[in-house]
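Everything on this sheet refers to the single structure shown next.
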Amino acid sequence: MHHLTKTDFKYYLDCPESIWLLKNKPDVYPKGEFSLFTEKLIKEGYEVEAYAKKLFTNGLDLPEYGSPTQTQKALTDTYNVYFQPSFNTNKDVFARIDILERLADGTWHIYEVKSSTSIKKDRKHRHIEDACFQKYVLTECGYVVSKVSIIHLNKEYIKKGAIIPNELLEIIDITDDVDTIYSSVVNEINSASNFINKEIINETVCSCTHKTRSNHCDAFRYFNTTIPDYSIYEISRISAKKVGLLADNEQLAIIDIPPEFELNVNQQTQVESVRQEQPIINQANIKRELDKLKFPLHFIDYETYASAIPRLDGLSPHKHVTFQVSIHTLTEDGSLTHYEFLLDEMKMPIDMLQTMQDFTGLTGTFISWHASFEISRNKDLIEWLPQFTNYLTYINEHTFDLETIFKKDYIDYRFHGSSSIKKVLPVICPHLSYSELDVYNGTMALDTWGRMVLDPNFNEDIETTKINLLEYCKLDTMAMVEIYKFLIDCI
Ligand code: SF4
């Protein structure tokens with residue numbers, strides 16, 4: 001019999017087939033990336049929990065992977081609060097509770113700790129269902145649960161000196177929310193338990209044929225082996241309704257979409273690009289956009305570090321510290337110069353902004369990819385370092401987002417419906433590649449830098465690490481320069 005954990009249950013609520021495959025055929029379940037980002041979230045969860053524990057006195061720390069038997073032995077009258085106790089029902093439904101408190105009347109209070117700044121009820125988080133699951137397991141094991149709370153970060157908290165746990169965290173009573181959906185969640189838990197223990201299910205199709213790409217899990221192609229290349233799921237921002245209509249008619253390849261099928265202009269352009277097997281370029285629009293840019297052109301990219309627990313005074317939970325910048329500046333006569341800066345400790349980027357301002361001045365146009373990110377970082381920096389308000393306001397008011405061209409005026413079927421620079425670059429400039437780099441995406445940069453400046457046990461060569469980080473950011477801005485030049489040649 002497979003046991004059911006809270007994580008399994010959340011997977012089940014998302015998709016029964018996917019968790020069945022993971023439980024019953026782990027060897028064939030496609031290995032999605034257990035991404036650095038997920039790892040970071042888990043580490044952050046532990047960190048928030050460590051502060052949550054400080055809200056309680058006289059608590060007993062149970063072993064991190066301790067068993068329900070160990071918990072049972074530990075639940076004596078000596079302590080009223082237990083960290084990480086675990087429980088298993090006779091139907092093999094397993095829960096590890098973040099914090100469990102015995103109340104004066106002998107009943108129990110469950111606390112679930114979250115690294116978010118609010119209670120999230122959406123499909124990805126399901127905080128209330130989570131809490132119901134914990135209550136169910138405890139109840140089945142014979143404990144009376146009279147109260148359930150969520151402890152989450154306080155988004156208004158601003159670090160000033162040492163972290164103050166009861167200001168950093170908020171405790172929200174969710175007993176009523178849990179009670180409202182408890183019986184339906186219990187039914188779902190029973191269904192989940194039965195489903196994962198089925199010996200066979202239909203493995204030749206799954207319901208995501210009728211859903212958009214963002215709903216698909218790593219097992220999509222396992223369950224749907226006949227999905228063609230350049231499928232309807234790649235069509236940019238296509239609605240679930242339209243995917244459903246096409247799937248009903250078994251028109252799963254983009255080239256099978258009937259000409260009269262209603263799509264917006266960008267989507268039609270994408271279809272046309274697949275049909276013609278070539279890019280569809282609106283030269284007049286591109287020219288109009290690029291003609292607006294004022295030289296010198298500063299191609300700019302930031303790398304940032306965000307953490308649930310603020311690391312610097314003045315910061316709130318989950319704020320981004322900009323630790324690196326690369327700028328390639330192109331003048332009208334074609335000369336190209338480069339500026340870069342990498343912080344080597346966790347601090348505000350004052351020196352970075354000063355030297356960056358010396359390099360660019362308040363001149364020309366700043367160009368980035370997905371510019372809303374850089375613009376938001378500049379707004380944060382203005383708040384924390386008001387001495388740079390003029391400069392950062394100038395940048396934000398003179399920023400052009402190069403990605404917009406690839407959302408509507410340059411559509412190539414080989415981008416597979418994406419306008420990410422990682423998809424565009426290999427098609428437009430195949431001579432430039434991220435694949436040779438040791439640090440090759442933003443999450444890796446964040447993780448590497450975070451470990452380098454915060455982890456006392458960091459055992460990689462610091463100089464090599466810095467070079468790897470600089471090379472990555474430099475390629476991002478060099479890529480934009482090359483893409484810009486390519487577009488100029490097109491028009
Ligand atoms: S692709 Fe969708 S329906 Fe298919 S197994 Fe994954 S989540 Fe479930």
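Starting from 1 in every chain, residues are counted up; chains themselves are A, B, ... following the order of the structure tokens, and ligands are numbered from 1 as listed.
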Tell me which protein, DNA and RNA residues are within 12 Å of Lys31 (chain A), counting only C-alpha atoms, leaving out same-chain ones fewer than 6 positions away, and put them as a compact mmCIF listing (two decimals) with N, CA and C atoms, in the first residue's frame.
# COMPACT_ATOMS: atom_id res chain seq x y z
N LEU A 21 1.14 7.88 -11.42
CA LEU A 21 2.34 7.45 -12.16
C LEU A 21 3.59 7.59 -11.27
N LEU A 22 3.66 8.71 -10.57
CA LEU A 22 4.83 8.95 -9.71
C LEU A 22 4.94 7.88 -8.62
N LYS A 25 4.92 4.04 -10.83
CA LYS A 25 5.98 3.78 -11.82
C LYS A 25 7.02 4.89 -11.74
N CYS A 217 1.87 18.71 -16.78
CA CYS A 217 2.99 18.32 -15.92
C CYS A 217 4.05 17.62 -16.80
N ASP A 218 5.12 17.18 -16.14
CA ASP A 218 6.21 16.55 -16.90
C ASP A 218 5.76 15.27 -17.62
N ALA A 219 4.62 14.70 -17.17
CA ALA A 219 4.19 13.42 -17.74
C ALA A 219 3.29 13.60 -18.97
N PHE A 220 3.14 14.82 -19.46
CA PHE A 220 2.21 15.05 -20.57
C PHE A 220 2.51 14.15 -21.76
N TYR A 222 4.22 11.40 -21.79
CA TYR A 222 4.10 9.98 -21.43
C TYR A 222 2.66 9.52 -21.68
Quick one: DSSP alpha helix (DSSP H) residues in region 332-489 of chain A, as a ChimeraX atom specification?
/A:350-360,372-384,389-397,405-408,421-428,442-454,462-489
Please indicate the distance in Å from CA of Pro228 (chain A) to CA of Gln251 (chain A), rounded to one decimal place.
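Straight-line distance from CA of Pro228 (chain A) to CA of Gln251 (chain A) works out to 10.1 Å.
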Can you pull out every residue with an atom within 7 Å of ligand 1? Use only C-alpha atoms and all ligand atoms and format it as a VMD selection string.
chain A and resid 14 to 18 206 to 208 215 to 220 223
Extract the full set of strand (DSSP E) residues from region 284-424 of chain A according to DSSP on the backbone, and format it as number ranges by chain.
A: 297-306, 320-330, 336-342, 365-368, 399-401, 410-411
Writing out the chosen residues with C-alpha atoms as a PDB file, in the first residue's frame:
ATOM      1  CA  LEU A 297      22.047  52.537 -26.327  1.00  0.00           C
ATOM      2  CA  HIS A 298      22.728  50.948 -22.930  1.00  0.00           C
ATOM      3  CA  PHE A 299      21.870  47.238 -23.012  1.00  0.00           C
ATOM      4  CA  ILE A 300      21.380  46.467 -19.330  1.00  0.00           C
ATOM      5  CA  ASP A 301      20.744  43.378 -17.231  1.00  0.00           C
ATOM      6  CA  TYR A 302      20.506  42.922 -13.440  1.00  0.00           C
ATOM      7  CA  GLU A 303      20.918  39.797 -11.368  1.00  0.00           C
ATOM      8  CA  THR A 304      19.145  39.813  -8.022  1.00  0.00           C
ATOM      9  CA  TYR A 305      18.897  37.835  -4.804  1.00  0.00           C
ATOM     10  CA  ALA A 306      15.521  37.504  -3.092  1.00  0.00           C
ATOM     11  CA  HIS A 320      15.209  41.541  -4.305  1.00  0.00           C
ATOM     12  CA  VAL A 321      18.734  42.800  -3.659  1.00  0.00           C
ATOM     13  CA  THR A 322      20.406  43.731  -6.956  1.00  0.00           C
ATOM     14  CA  PHE A 323      23.880  42.230  -6.682  1.00  0.00           C
ATOM     15  CA  GLN A 324      25.118  42.424 -10.270  1.00  0.00           C
ATOM     16  CA  VAL A 325      24.800  44.469 -13.417  1.00  0.00           C
ATOM     17  CA  SER A 326      26.157  44.242 -16.949  1.00  0.00           C
ATOM     18  CA  ILE A 327      25.836  47.095 -19.441  1.00  0.00           C
ATOM     19  CA  HIS A 328      26.982  47.105 -23.059  1.00  0.00           C
ATOM     20  CA  THR A 329      26.852  50.610 -24.486  1.00  0.00           C
ATOM     21  CA  LEU A 330      26.567  51.048 -28.240  1.00  0.00           C
ATOM     22  CA  LEU A 336      30.790  49.160 -28.080  1.00  0.00           C
ATOM     23  CA  THR A 337      31.978  49.469 -24.474  1.00  0.00           C
ATOM     24  CA  HIS A 338      31.241  47.262 -21.491  1.00  0.00           C
ATOM     25  CA  TYR A 339      30.690  47.919 -17.784  1.00  0.00           C
ATOM     26  CA  GLU A 340      30.044  45.284 -15.143  1.00  0.00           C
ATOM     27  CA  PHE A 341      29.808  45.126 -11.371  1.00  0.00           C
ATOM     28  CA  LEU A 342      29.416  42.232  -8.960  1.00  0.00           C
ATOM     29  CA  THR A 365      18.063  54.740 -24.041  1.00  0.00           C
ATOM     30  CA  PHE A 366      18.362  51.762 -21.706  1.00  0.00           C
ATOM     31  CA  ILE A 367      17.388  48.472 -23.314  1.00  0.00           C
ATOM     32  CA  SER A 368      16.542  45.313 -21.429  1.00  0.00           C
ATOM     33  CA  THR A 399      13.794  52.113 -20.998  1.00  0.00           C
ATOM     34  CA  PHE A 400      12.853  50.067 -24.037  1.00  0.00           C
ATOM     35  CA  ASP A 401      11.860  46.415 -23.733  1.00  0.00           C
ATOM     36  CA  TYR A 410       9.056  39.136 -35.239  1.00  0.00           C
ATOM     37  CA  ILE A 411       7.425  35.728 -34.877  1.00  0.00           C
TER      38      ILE A 411
END
What does the structure give for the distance between CA of Ala74 (chain A) and CA of Asp61 (chain A), in Å to one decimal?
9.8 Å
Among the residues A:Gln267, A:Gln72, A:Thr443, A:Asn459, the one that comes closest to Thr38 (chain A) [using only C-alpha atoms]:
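Under the stated criterion, the closest residue is A:Thr443.
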Please provide as JSON, numbers by chain all residues within 10 Å of Thr226 (chain A), with the sequence filter that same-chain residues fewer than 5 positions apart are discarded (counting only C-alpha atoms).
{"A": [204, 205, 221, 252]}
Gap from CA of Leu100 (chain A) to CA of Asn80 (chain A) - Å, one decimal:
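Between CA of Leu100 (chain A) and CA of Asn80 (chain A) the gap works out to 8.2 Å.
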Applying 8 Å and only C-alpha atoms, which residues near Tyr413 (chain A) remain after dropping the ones on its own chain fewer than 3 positions away? List them as a PyMOL selection string.
chain A and resi 230+270-271+273-274+277-279+416-417
The selected residues should be written to file as a PDB file, in the first residue's frame (atoms: C-alpha atoms).
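out_17.pdb, written as the output of this step:
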ATOM      1  CA  TYR A 230       4.643  22.391 -33.176  1.00  0.00           C
ATOM      2  CA  GLN A 270       2.508  32.116 -35.319  1.00  0.00           C
ATOM      3  CA  VAL A 271       0.358  29.662 -37.291  1.00  0.00           C
ATOM      4  CA  SER A 273       5.130  30.977 -39.482  1.00  0.00           C
ATOM      5  CA  VAL A 274       4.670  27.244 -38.896  1.00  0.00           C
ATOM      6  CA  GLU A 277       8.425  27.360 -42.036  1.00  0.00           C
ATOM      7  CA  GLN A 278       9.933  30.821 -41.824  1.00  0.00           C
ATOM      8  CA  PRO A 279       9.723  33.886 -39.580  1.00  0.00           C
ATOM      9  CA  HIS A 416       7.806  27.539 -29.949  1.00  0.00           C
ATOM     10  CA  GLY A 417       5.434  30.315 -28.910  1.00  0.00           C
TER      11      GLY A 417
END
Across A:Ser115, A:Ser231, A:Asn197, A:Asn441, the smallest distance to Ile19 (chain A), with only C-alpha atoms counted, is shown by A:Asn197
Contacts of His3 (chain A) at 7 Å or less, counting only C-alpha atoms, minus same-chain residues fewer than 6 places along, as a PyMOL selection string?
chain A and resi 92-94
Contacts of Ser433 (chain A) at 12 Å or less, counting only C-alpha atoms, minus same-chain residues fewer than 2 places along, as a PyMOL selection string?
chain A and resi 421-431+435-441+471-472+474-476+478-479+482
